[in-house]
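K.L.:
So here's protein-v1.csv, just CSV, C-alpha atoms and all ligand atoms:
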chain,number,residue,atom,x,y,z
A,1,MET,CA,-29.4,-5.0,-13.9
A,2,ALA,CA,-26.7,-3.8,-11.5
A,3,PRO,CA,-27.7,-0.6,-9.7
A,4,VAL,CA,-26.2,2.6,-10.8
A,5,ARG,CA,-23.1,3.5,-8.7
A,6,MET,CA,-23.5,7.1,-7.5
A,7,LEU,CA,-21.5,9.6,-5.6
A,8,ILE,CA,-23.5,12.6,-4.2
A,9,ASP,CA,-21.9,16.0,-3.5
A,10,CYS,CA,-24.4,17.8,-1.3
A,11,ASP,CA,-25.1,20.5,1.4
A,12,PRO,CA,-27.8,18.9,3.6
A,13,GLY,CA,-30.3,20.6,3.6
A,14,LEU,CA,-33.8,19.2,3.9
A,15,ASP,CA,-34.1,18.1,0.3
A,16,ASP,CA,-30.5,16.9,0.2
A,17,ALA,CA,-31.3,14.6,3.1
A,18,ILE,CA,-34.3,13.2,1.3
A,19,ALA,CA,-32.1,12.8,-1.9
A,20,LEU,CA,-29.6,10.8,0.1
A,21,LEU,CA,-32.4,8.5,1.4
A,22,THR,CA,-33.7,8.2,-2.2
A,23,ALA,CA,-30.3,7.5,-3.7
A,24,ALA,CA,-29.6,4.8,-1.1
A,25,HIS,CA,-32.7,3.0,-2.3
A,26,VAL,CA,-32.6,3.4,-6.1
A,27,ALA,CA,-28.8,3.3,-6.6
A,28,ASP,CA,-25.6,2.0,-5.1
A,29,LEU,CA,-24.5,5.0,-3.1
A,30,VAL,CA,-20.7,4.8,-2.9
A,31,GLY,CA,-19.9,8.0,-1.2
A,32,ILE,CA,-21.2,11.4,0.0
A,33,THR,CA,-19.1,14.6,-0.2
A,34,THR,CA,-20.2,17.7,1.6
A,35,VAL,CA,-20.0,21.3,0.7
A,36,ASN,CA,-20.8,24.7,2.3
A,37,GLY,CA,-24.2,25.9,1.1
A,38,ASN,CA,-27.6,25.7,2.7
A,39,VAL,CA,-25.8,26.0,6.0
A,40,GLY,CA,-22.1,26.0,7.0
A,41,ILE,CA,-19.8,23.0,6.3
A,42,ASP,CA,-19.9,21.8,9.9
A,43,HIS,CA,-23.6,21.5,9.8
A,44,THR,CA,-23.8,20.0,6.3
A,45,THR,CA,-21.2,17.4,7.2
A,46,HIS,CA,-22.9,16.6,10.5
A,47,ASN,CA,-26.2,16.3,8.7
A,48,ALA,CA,-24.8,13.9,6.1
A,49,LEU,CA,-23.4,11.7,8.9
A,50,ALA,CA,-26.7,11.9,10.7
A,51,VAL,CA,-28.8,10.8,7.7
A,52,ALA,CA,-26.3,7.9,7.0
A,53,GLU,CA,-26.6,6.9,10.7
A,54,VAL,CA,-30.3,7.0,10.9
A,55,ALA,CA,-30.8,5.0,7.7
A,56,ALA,CA,-27.8,2.7,8.6
A,57,LEU,CA,-26.2,3.5,5.3
A,58,ASP,CA,-22.8,1.9,4.7
A,59,VAL,CA,-21.5,5.0,2.9
A,60,PRO,CA,-18.4,7.1,3.7
A,61,VAL,CA,-18.8,10.8,4.2
A,62,HIS,CA,-16.0,13.1,3.1
A,63,ARG,CA,-16.0,16.8,4.1
A,64,GLY,CA,-15.4,19.4,1.4
A,65,ALA,CA,-15.2,23.1,0.8
A,66,ALA,CA,-15.9,25.5,3.7
A,67,GLU,CA,-16.5,28.5,1.4
A,68,PRO,CA,-17.2,29.4,-2.2
A,69,LEU,CA,-14.3,30.3,-4.6
A,70,VAL,CA,-15.0,34.1,-4.6
A,71,ASN,CA,-18.3,34.8,-2.8
A,72,ALA,CA,-18.6,35.1,0.9
A,73,PRO,CA,-20.6,32.2,2.3
A,74,ALA,CA,-24.3,32.9,2.1
A,75,ASP,CA,-26.6,30.3,3.5
A,76,ALA,CA,-30.3,29.3,3.0
A,77,ALA,CA,-31.1,28.7,6.7
A,78,TYR,CA,-34.2,30.7,6.1
A,79,VAL,CA,-35.4,27.7,4.1
A,80,HIS,CA,-33.7,24.8,5.9
A,81,GLY,CA,-33.5,26.0,9.5
A,82,PRO,CA,-30.4,27.0,11.4
A,83,SER,CA,-29.0,23.5,11.5
A,84,GLY,CA,-30.0,22.7,7.9
A,85,LEU,CA,-32.4,19.9,8.9
A,86,GLY,CA,-35.4,22.0,10.0
A,87,SER,CA,-36.5,21.2,13.5
A,88,VAL,CA,-35.0,17.7,13.5
A,89,SER,CA,-32.2,17.4,16.0
A,90,ILE,CA,-29.8,14.5,15.8
A,91,PRO,CA,-27.1,15.4,18.4
A,92,ASP,CA,-25.7,12.0,19.3
A,93,VAL,CA,-24.3,11.0,15.9
A,94,THR,CA,-21.5,8.5,16.4
A,95,ARG,CA,-20.2,8.3,12.8
A,96,THR,CA,-17.3,10.4,11.8
A,97,ILE,CA,-16.0,11.6,8.5
A,98,ALA,CA,-13.8,9.3,6.3
A,99,SER,CA,-11.7,12.3,5.4
A,100,ASP,CA,-11.7,16.1,5.1
A,101,ASP,CA,-10.6,15.9,1.4
A,102,ALA,CA,-13.8,15.6,-0.7
A,103,VAL,CA,-11.9,16.5,-3.8
A,104,SER,CA,-9.4,13.7,-3.6
A,105,PHE,CA,-12.3,11.2,-2.9
A,106,ILE,CA,-14.2,12.4,-6.0
A,107,LEU,CA,-11.1,12.1,-8.1
A,108,ASP,CA,-10.1,8.7,-6.7
A,109,ALA,CA,-13.7,7.4,-7.1
A,110,ALA,CA,-13.9,8.5,-10.7
A,111,ARG,CA,-10.7,6.6,-11.4
A,112,SER,CA,-11.5,3.4,-9.5
A,113,ILE,CA,-15.3,3.0,-10.1
A,114,GLU,CA,-16.4,2.2,-13.6
A,115,ASP,CA,-19.3,4.2,-14.9
A,116,LEU,CA,-19.6,6.3,-11.8
A,117,GLN,CA,-22.5,8.7,-11.8
A,118,LEU,CA,-21.5,12.0,-10.0
A,119,VAL,CA,-24.5,14.0,-8.8
A,120,ALA,CA,-24.0,17.5,-7.4
A,121,VAL,CA,-26.9,19.0,-5.4
A,122,GLY,CA,-25.1,21.8,-3.6
A,123,PRO,CA,-23.0,24.7,-4.7
A,124,MET,CA,-20.4,23.5,-7.2
A,125,THR,CA,-17.3,24.4,-5.2
A,126,ASN,CA,-16.0,20.8,-4.7
A,127,ILE,CA,-16.7,19.8,-8.3
A,128,ALA,CA,-14.9,22.9,-9.7
A,129,ALA,CA,-11.9,22.2,-7.5
A,130,ALA,CA,-11.9,18.6,-8.6
A,131,VAL,CA,-12.1,19.3,-12.3
A,132,THR,CA,-9.5,22.1,-12.0
A,133,ALA,CA,-7.1,19.6,-10.3
A,134,ASP,CA,-7.8,16.9,-13.0
A,135,PRO,CA,-9.3,18.3,-16.2
A,136,GLY,CA,-9.8,14.7,-17.3
A,137,LEU,CA,-12.4,14.1,-14.5
A,138,ARG,CA,-15.5,14.2,-16.8
A,139,SER,CA,-14.0,11.6,-19.2
A,140,ARG,CA,-13.6,9.1,-16.4
A,141,LEU,CA,-17.3,9.4,-15.3
A,142,GLY,CA,-20.3,7.5,-16.5
A,143,GLY,CA,-22.3,10.7,-16.2
A,144,PHE,CA,-22.5,14.0,-14.4
A,145,THR,CA,-25.8,15.5,-13.2
A,146,LEU,CA,-26.4,18.7,-11.2
A,147,MET,CA,-29.3,20.2,-9.5
A,148,GLY,CA,-29.0,23.9,-10.2
A,149,GLY,CA,-30.0,26.8,-12.4
A,150,ALA,CA,-33.1,27.2,-14.5
A,151,ALA,CA,-34.0,27.9,-18.1
A,152,VAL,CA,-36.5,30.4,-16.8
A,153,GLY,CA,-36.4,32.3,-13.5
A,154,GLY,CA,-34.7,31.8,-10.1
A,155,ASN,CA,-35.5,31.3,-6.5
A,156,VAL,CA,-32.8,33.4,-4.6
A,157,THR,CA,-33.1,36.2,-7.0
A,158,ALA,CA,-35.4,36.8,-10.0
A,159,SER,CA,-32.9,35.2,-12.2
A,160,ALA,CA,-30.7,32.9,-10.1
A,161,GLU,CA,-31.1,29.6,-8.4
A,162,PHE,CA,-29.4,29.0,-5.0
A,163,ASN,CA,-26.8,26.4,-5.9
A,164,ILE,CA,-25.4,28.5,-8.8
A,165,TRP,CA,-25.9,31.8,-7.1
A,166,ALA,CA,-24.0,30.7,-4.0
A,167,ASP,CA,-20.8,30.0,-6.0
A,168,PRO,CA,-21.1,31.3,-9.5
A,169,GLU,CA,-17.4,31.1,-10.3
A,170,ALA,CA,-17.4,27.4,-9.4
A,171,ALA,CA,-20.6,26.8,-11.5
A,172,ASP,CA,-18.9,28.6,-14.4
A,173,ILE,CA,-16.0,26.2,-14.3
A,174,VAL,CA,-18.3,23.2,-14.0
A,175,PHE,CA,-20.5,24.2,-17.0
A,176,ARG,CA,-17.4,24.8,-19.1
A,177,MET,CA,-15.4,21.7,-18.0
A,178,MET,CA,-17.9,19.0,-17.0
A,179,ALA,CA,-20.0,18.9,-20.1
A,180,PRO,CA,-21.8,16.8,-21.3
A,181,LEU,CA,-23.9,17.2,-18.2
A,182,THR,CA,-27.5,17.1,-17.2
A,183,MET,CA,-29.0,20.2,-15.6
A,184,VAL,CA,-31.9,19.5,-13.3
A,185,GLY,CA,-33.1,23.0,-12.7
A,186,LEU,CA,-36.1,24.8,-11.2
A,187,ASP,CA,-38.0,24.2,-14.5
A,188,VAL,CA,-38.3,20.6,-13.3
A,189,THR,CA,-38.0,20.7,-9.6
A,190,HIS,CA,-40.7,23.2,-9.0
A,191,GLN,CA,-43.1,20.7,-10.6
A,192,VAL,CA,-42.3,18.0,-7.9
A,193,LEU,CA,-44.1,19.1,-4.8
A,194,LEU,CA,-44.4,16.8,-1.8
A,195,GLY,CA,-47.1,17.7,0.8
A,196,PRO,CA,-49.0,16.5,3.8
A,197,GLU,CA,-50.2,13.4,2.0
A,198,GLU,CA,-46.7,12.2,1.4
A,199,ARG,CA,-45.6,13.2,4.8
A,200,ASP,CA,-48.4,11.1,6.4
A,201,THR,CA,-47.5,8.1,4.3
A,202,MET,CA,-43.9,8.4,5.5
A,203,ARG,CA,-44.8,8.9,9.1
A,204,ALA,CA,-47.1,5.8,9.0
A,205,ALA,CA,-44.3,3.6,7.7
A,206,ALA,CA,-42.6,4.4,11.1
A,207,THR,CA,-39.1,3.2,10.1
A,208,PRO,CA,-36.3,5.5,11.4
A,209,ALA,CA,-35.6,6.8,7.8
A,210,ALA,CA,-39.3,7.3,7.1
A,211,ARG,CA,-39.8,9.2,10.3
A,212,LEU,CA,-36.8,11.4,9.6
A,213,ALA,CA,-38.1,12.1,6.1
A,214,ALA,CA,-41.5,12.9,7.5
A,215,ASP,CA,-40.0,15.4,10.0
A,216,LEU,CA,-37.9,17.0,7.2
A,217,LEU,CA,-40.9,17.3,5.0
A,218,ASP,CA,-43.1,18.8,7.7
A,219,TYR,CA,-40.6,21.7,8.0
A,220,ALA,CA,-40.1,22.0,4.2
A,221,VAL,CA,-43.9,22.1,3.6
A,222,ASP,CA,-44.4,24.8,6.2
A,223,ARG,CA,-41.5,26.9,4.8
A,224,ALA,CA,-42.7,26.5,1.2
A,225,GLY,CA,-46.2,27.6,2.2
A,226,GLU,CA,-44.7,30.7,3.9
A,227,LEU,CA,-42.1,31.6,1.2
A,228,ARG,CA,-43.8,30.4,-2.0
A,229,GLY,CA,-47.5,30.1,-1.2
A,230,THR,CA,-47.6,26.5,-2.4
A,231,ALA,CA,-49.3,23.5,-0.6
A,232,GLY,CA,-46.2,21.3,-1.1
A,233,ALA,CA,-42.5,21.6,-1.0
A,234,PRO,CA,-40.1,21.1,-4.0
A,235,ILE,CA,-37.7,18.3,-3.2
A,236,HIS,CA,-35.2,19.6,-5.7
A,237,ASP,CA,-32.2,17.3,-5.0
A,238,ALA,CA,-34.1,14.0,-5.1
A,239,CYS,CA,-35.1,14.9,-8.7
A,240,ALA,CA,-31.4,15.0,-9.7
A,241,VAL,CA,-30.9,11.5,-8.3
A,242,LEU,CA,-34.0,10.1,-10.1
A,243,ALA,CA,-33.1,11.9,-13.3
A,244,VAL,CA,-30.0,9.5,-13.3
A,245,THR,CA,-31.8,6.3,-12.4
A,246,HIS,CA,-35.1,6.9,-14.1
A,247,PRO,CA,-34.3,9.1,-17.1
A,248,GLU,CA,-37.5,8.0,-18.9
A,249,LEU,CA,-39.5,10.1,-16.4
A,250,PHE,CA,-37.9,13.4,-17.6
A,251,GLY,CA,-37.8,15.3,-20.9
A,252,GLY,CA,-35.4,17.9,-22.1
A,253,SER,CA,-33.2,19.2,-24.9
A,254,ASP,CA,-29.5,20.0,-25.4
A,255,HIS,CA,-28.2,23.5,-25.4
A,256,PRO,CA,-25.2,25.7,-24.6
A,257,VAL,CA,-25.5,27.1,-21.1
A,258,ALA,CA,-23.4,29.9,-19.6
A,259,VAL,CA,-23.3,31.2,-16.1
A,260,GLU,CA,-23.6,34.9,-15.7
A,261,LEU,CA,-20.9,36.3,-13.5
A,262,THR,CA,-21.2,40.0,-13.7
A,263,GLY,CA,-24.8,41.1,-14.2
A,264,THR,CA,-26.1,43.6,-11.7
A,265,HIS,CA,-29.4,41.8,-11.6
A,266,THR,CA,-28.4,38.4,-13.1
A,267,ARG,CA,-25.2,37.2,-11.3
A,268,GLY,CA,-25.6,33.4,-10.9
A,269,MET,CA,-28.1,33.1,-13.7
A,270,THR,CA,-27.8,30.1,-16.0
A,271,VAL,CA,-28.2,31.5,-19.5
A,272,VAL,CA,-29.7,28.7,-21.7
A,273,ASP,CA,-29.2,29.4,-25.4
A,274,SER,CA,-32.5,28.0,-26.7
A,275,ARG,CA,-32.1,29.4,-30.2
A,276,PHE,CA,-30.7,26.1,-31.5
A,277,ALA,CA,-29.7,22.7,-30.4
A,278,PRO,CA,-26.6,21.8,-32.3
A,279,ASP,CA,-25.2,18.3,-32.4
A,280,GLY,CA,-22.1,17.8,-30.3
A,281,ASP,CA,-20.8,16.6,-27.0
A,282,ALA,CA,-20.0,19.7,-25.0
A,283,LEU,CA,-23.7,20.5,-24.4
A,284,VAL,CA,-26.0,20.7,-21.4
A,285,ARG,CA,-29.1,18.5,-21.3
A,286,VAL,CA,-31.6,20.9,-19.9
A,287,LEU,CA,-34.5,19.0,-18.3
A,288,ARG,CA,-37.8,20.7,-18.6
A,289,THR,CA,-40.6,18.2,-18.2
A,290,VAL,CA,-41.2,15.5,-15.6
A,291,ASP,CA,-43.7,12.9,-14.7
A,292,ALA,CA,-44.1,14.4,-11.3
A,293,ALA,CA,-46.5,11.8,-9.9
A,294,ALA,CA,-44.1,9.0,-10.7
A,295,VAL,CA,-41.2,10.9,-9.2
A,296,ILE,CA,-43.1,11.6,-6.0
A,297,ASP,CA,-44.1,8.0,-5.7
A,298,LEU,CA,-40.4,6.9,-6.1
A,299,ILE,CA,-39.3,9.4,-3.4
A,300,VAL,CA,-42.0,8.1,-1.0
A,301,GLU,CA,-41.2,4.5,-1.8
A,302,ALA,CA,-37.5,5.1,-1.1
A,303,CYS,CA,-38.0,6.9,2.1
A,304,THR,CA,-40.4,4.3,3.5
A,305,THR,CA,-38.2,1.3,2.4
A,306,VAL,CA,-34.6,2.3,3.0
A,307,GLY,CA,-32.8,1.4,6.3
A,308,PRO,CA,-33.8,-0.6,9.3
A,309,PRO,CA,-37.5,-1.6,9.9
A,310,ALA,CA,-39.9,0.1,12.3
A,311,PRO,CA,-39.1,-0.7,15.9
B,1,LIG,C1,-31.3,24.1,-4.2
B,1,LIG,O1,-30.8,25.0,-3.2
B,1,LIG,C2,-30.8,24.4,-1.9
B,1,LIG,O2,-31.4,25.2,-1.0
B,1,LIG,C3,-31.5,23.1,-2.1
B,1,LIG,O3,-30.9,22.1,-1.2
B,1,LIG,C4,-31.3,22.7,-3.5
B,1,LIG,O4,-30.1,22.0,-3.7
B,1,LIG,C5,-32.6,24.6,-4.7
B,1,LIG,O5,-32.4,25.8,-5.3
B,2,CA,CA,-28.9,21.1,-1.9
Would you give me this structure, written as structure tokens?

P.N.:
Amino acid sequence: MAPVRMLIDCDPGLDDAIALLTAAHVADLVGITTVNGNVGIDHTTHNALAVAEVAALDVPVHRGAAEPLVNAPADAAYVHGPSGLGSVSIPDVTRTIASDDAVSFILDAARSIEDLQLVAVGPMTNIAAAVTADPGLRSRLGGFTLMGGAAVGGNVTASAEFNIWADPEAADIVFRMMAPLTMVGLDVTHQVLLGPEERDTMRAAATPAARLAADLLDYAVDRAGELRGTAGAPIHDACAVLAVTHPELFGGSDHPVAVELTGTHTRGMTVVDSRFAPDGDALVRVLRTVDAAAVIDLIVEACTTVGPPAP
């Protein structure tokens, strides 16, 4: 079967970088668009180019939004490090962006690539701008999947997950205009923890991509230990990629979902109406269960296989 053609909108970010490596192995990655999020747009764009270069990916990178629709930019450097890639430094990247118009690239790709799977793993700013410019965007896609939100709880606040919290107005537009969509939230991603064992396997593979993934994971595991008290780090964004290519590993149900925009304690919360699951198209598939061991194996396999061999 031909591989799924996938466009990833991202804010690398430790787990975004691992998601890109994963996607390059399990899918036909046709493009990367960047957005302000975990760190500023200069860093997220540089990091996307760096990952593509290290793994020798033949994939264009298009720079996107520098700030959220309404919020002031608020980063997650306390999780991902000041550059967004932990302690990894890739200063001599020779690749350059294909354009600084991520929105046009998304719209063009949706028109020209049949059955394109769009996967958003950063704040939803670019996707909201794209669907606002072309309300028919969703109808031209094979599918739309996002990493964001949660049916229960949050990570930045008690009720909000980072990607939604960082640009709630954009997320609101996306949940209203991009359904049907699949929401890969914290309910699932907090079950997929990679730790020292996976890091060691990656490091032993010794390919450029595997070494990069091991270094990213090292930092992520340390931060997760300090911030969450877990022995492994959630690699959120790779879960969204694999939910597209390996849907049999995930379980969920369809619900209306709204983004809270005004709550004093709940701005950026994804409000999942679990009272009923009506038939219909304009619903969100909320993933809740995952075969975590299988997903972890796929991430490790991807990171140790993709790109040039070990020197
Ligand atoms: C999400 O927020 C970011 O920090 C991660 O890259 C992921 O996309 C998890 O809440
Ligand atoms: Ca991300």

K.L.:
What's the 6 Å shell around Phe144 (chain A), counting all atoms listed in the file, without same-chain residues fewer than 6 positions away, as a ChimeraX atom specification?

P.N.:
/A:117-119,181

K.L.:
Residues within 10 Å of ligand LIG 1 (chain B), counting only C-alpha atoms and all ligand atoms: report them as an MDAnalysis selection string.

P.N.:
chainID A and resid 10:19 37:39 75:80 84 120:123 146:150 154:156 160:166 185:186 189:190 234:238 240

K.L.:
Between A:Leu283, A:Val184, A:Ala179, A:Leu249, which residue has the minimum interatomic distance to ligand CA 2 (chain B), considering all atoms listed in the file?

P.N.:
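Of the candidates, the smallest distance to ligand CA 2 (chain B) is held by A:Val184.
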
K.L.:
Which distance in Å separates CA of Ser112 (chain A) and CA of Phe175 (chain A), to one decimal?

P.N.:
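So the answer is 23.9 Å.
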
K.L.:
Fewer than 5 positions away in the same chain doesn't count, so skip those; otherwise give me all residues within 9 Å of Ser159 (chain A), counting all atoms listed in the file, as a count of residues only.

P.N.:
11

K.L.:
Smallest atom-to-atom distance to Ala231 (chain A): which of A:Pro60, A:Pro3, A:Pro247, A:Gly195, using only C-alpha atoms?

P.N.:
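So, comparing all the options, the nearest one is A:Gly195.
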
K.L.:
Between CA of Val70 (chain A) and CA of Gly263 (chain A), measure the distance and give it in Å to one decimal.

P.N.:
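The value is 15.4 Å.
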
K.L.:
Contacts of Ala129 (chain A) at 10 Å or less, counting only C-alpha atoms, minus same-chain residues fewer than 5 places along, as a compact mmCIF listing (two decimals) with C-alpha atoms, keeping the file's coordinate frame?

P.N.:
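Final output, saved to around.txt:
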# COMPACT_ATOMS: atom_id res chain seq x y z
CA GLY A 64 -15.40 19.40 1.40
CA ALA A 65 -15.20 23.10 0.80
CA LEU A 69 -14.30 30.30 -4.60
CA ALA A 102 -13.80 15.60 -0.70
CA VAL A 103 -11.90 16.50 -3.80
CA SER A 104 -9.40 13.70 -3.60
CA MET A 124 -20.40 23.50 -7.20
CA ASP A 134 -7.80 16.90 -13.00
CA PRO A 135 -9.30 18.30 -16.20
CA ALA A 170 -17.40 27.40 -9.40
CA ILE A 173 -16.00 26.20 -14.30
CA VAL A 174 -18.30 23.20 -14.00

K.L.:
A:Val30, A:Cys239, A:Val93, A:Met1: which is nearest ligand CA 2 (chain B), counting all atoms listed in the file?

P.N.:
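Between A:Val30, A:Cys239, A:Val93, A:Met1, the residue approaching ligand CA 2 (chain B) most closely is A:Cys239.
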
K.L.:
A:Leu85, A:Ala224, A:Ala158, A:Val244: which is nearest ligand CA 2 (chain B), counting only C-alpha atoms and all ligand atoms?

P.N.:
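Nearest to ligand CA 2 (chain B): A:Leu85.
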
K.L.:
Would you fill the gaps in region 12-21 of chain A so it has all heavy atoms, then print it as a PDB file, in the frame of the given file?

P.N.:
ATOM      1  N   PRO A  12     -26.555  19.147   2.873  1.00  0.00           N
ATOM      2  CA  PRO A  12     -27.800  18.900   3.600  1.00  0.00           C
ATOM      3  C   PRO A  12     -28.095  19.891   4.683  1.00  0.00           C
ATOM      4  O   PRO A  12     -27.268  20.079   5.555  1.00  0.00           O
ATOM      5  CB  PRO A  12     -27.623  17.493   4.200  1.00  0.00           C
ATOM      6  CG  PRO A  12     -26.378  16.931   3.595  1.00  0.00           C
ATOM      7  CD  PRO A  12     -25.589  18.071   3.065  1.00  0.00           C
ATOM      8  N   GLY A  13     -29.236  20.487   4.615  1.00  0.00           N
ATOM      9  CA  GLY A  13     -30.300  20.600   3.600  1.00  0.00           C
ATOM     10  C   GLY A  13     -31.401  19.553   3.709  1.00  0.00           C
ATOM     11  O   GLY A  13     -31.101  18.364   3.698  1.00  0.00           O
ATOM     12  N   LEU A  14     -32.681  20.080   3.814  1.00  0.00           N
ATOM     13  CA  LEU A  14     -33.800  19.200   3.900  1.00  0.00           C
ATOM     14  C   LEU A  14     -33.944  18.314   2.659  1.00  0.00           C
ATOM     15  O   LEU A  14     -34.073  17.096   2.778  1.00  0.00           O
ATOM     16  CB  LEU A  14     -35.121  20.077   3.978  1.00  0.00           C
ATOM     17  CG  LEU A  14     -35.209  21.082   5.134  1.00  0.00           C
ATOM     18  CD1 LEU A  14     -36.358  22.066   4.900  1.00  0.00           C
ATOM     19  CD2 LEU A  14     -35.409  20.348   6.461  1.00  0.00           C
ATOM     20  N   ASP A  15     -33.897  18.916   1.472  1.00  0.00           N
ATOM     21  CA  ASP A  15     -34.100  18.100   0.300  1.00  0.00           C
ATOM     22  C   ASP A  15     -32.869  17.275  -0.056  1.00  0.00           C
ATOM     23  O   ASP A  15     -32.983  16.193  -0.633  1.00  0.00           O
ATOM     24  CB  ASP A  15     -34.522  18.966  -0.925  1.00  0.00           C
ATOM     25  CG  ASP A  15     -33.523  20.042  -1.269  1.00  0.00           C
ATOM     26  OD1 ASP A  15     -32.897  20.624  -0.356  1.00  0.00           O
ATOM     27  OD2 ASP A  15     -33.335  20.315  -2.471  1.00  0.00           O
ATOM     28  N   ASP A  16     -31.681  17.745   0.342  1.00  0.00           N
ATOM     29  CA  ASP A  16     -30.500  16.900   0.200  1.00  0.00           C
ATOM     30  C   ASP A  16     -30.623  15.636   0.994  1.00  0.00           C
ATOM     31  O   ASP A  16     -30.268  14.537   0.545  1.00  0.00           O
ATOM     32  CB  ASP A  16     -29.232  17.634   0.700  1.00  0.00           C
ATOM     33  CG  ASP A  16     -28.982  18.969   0.040  1.00  0.00           C
ATOM     34  OD1 ASP A  16     -29.739  19.920   0.328  1.00  0.00           O
ATOM     35  OD2 ASP A  16     -28.034  19.065  -0.755  1.00  0.00           O
ATOM     36  N   ALA A  17     -31.126  15.770   2.236  1.00  0.00           N
ATOM     37  CA  ALA A  17     -31.300  14.600   3.100  1.00  0.00           C
ATOM     38  C   ALA A  17     -32.225  13.595   2.476  1.00  0.00           C
ATOM     39  O   ALA A  17     -31.959  12.383   2.461  1.00  0.00           O
ATOM     40  CB  ALA A  17     -31.761  15.037   4.482  1.00  0.00           C
ATOM     41  N   ILE A  18     -33.331  14.093   1.932  1.00  0.00           N
ATOM     42  CA  ILE A  18     -34.300  13.200   1.300  1.00  0.00           C
ATOM     43  C   ILE A  18     -33.670  12.600   0.005  1.00  0.00           C
ATOM     44  O   ILE A  18     -33.898  11.431  -0.330  1.00  0.00           O
ATOM     45  CB  ILE A  18     -35.610  13.935   1.013  1.00  0.00           C
ATOM     46  CG1 ILE A  18     -36.300  14.204   2.368  1.00  0.00           C
ATOM     47  CG2 ILE A  18     -36.528  13.143   0.083  1.00  0.00           C
ATOM     48  CD1 ILE A  18     -37.573  15.025   2.300  1.00  0.00           C
ATOM     49  N   ALA A  19     -32.836  13.376  -0.665  1.00  0.00           N
ATOM     50  CA  ALA A  19     -32.100  12.800  -1.900  1.00  0.00           C
ATOM     51  C   ALA A  19     -31.184  11.718  -1.470  1.00  0.00           C
ATOM     52  O   ALA A  19     -31.062  10.724  -2.200  1.00  0.00           O
ATOM     53  CB  ALA A  19     -31.363  13.969  -2.548  1.00  0.00           C
ATOM     54  N   LEU A  20     -30.521  11.848  -0.324  1.00  0.00           N
ATOM     55  CA  LEU A  20     -29.600  10.800   0.100  1.00  0.00           C
ATOM     56  C   LEU A  20     -30.400   9.499   0.399  1.00  0.00           C
ATOM     57  O   LEU A  20     -29.976   8.401   0.010  1.00  0.00           O
ATOM     58  CB  LEU A  20     -28.824  11.211   1.348  1.00  0.00           C
ATOM     59  CG  LEU A  20     -27.806  12.342   1.133  1.00  0.00           C
ATOM     60  CD1 LEU A  20     -27.192  12.775   2.466  1.00  0.00           C
ATOM     61  CD2 LEU A  20     -26.705  11.912   0.150  1.00  0.00           C
ATOM     62  N   LEU A  21     -31.525   9.643   1.077  1.00  0.00           N
ATOM     63  CA  LEU A  21     -32.400   8.500   1.400  1.00  0.00           C
ATOM     64  C   LEU A  21     -32.857   7.846   0.054  1.00  0.00           C
ATOM     65  O   LEU A  21     -32.877   6.615  -0.107  1.00  0.00           O
ATOM     66  CB  LEU A  21     -33.546   8.850   2.256  1.00  0.00           C
ATOM     67  CG  LEU A  21     -33.184   9.376   3.650  1.00  0.00           C
ATOM     68  CD1 LEU A  21     -34.442   9.839   4.378  1.00  0.00           C
ATOM     69  CD2 LEU A  21     -32.451   8.306   4.468  1.00  0.00           C
TER      70      LEU A  21
END
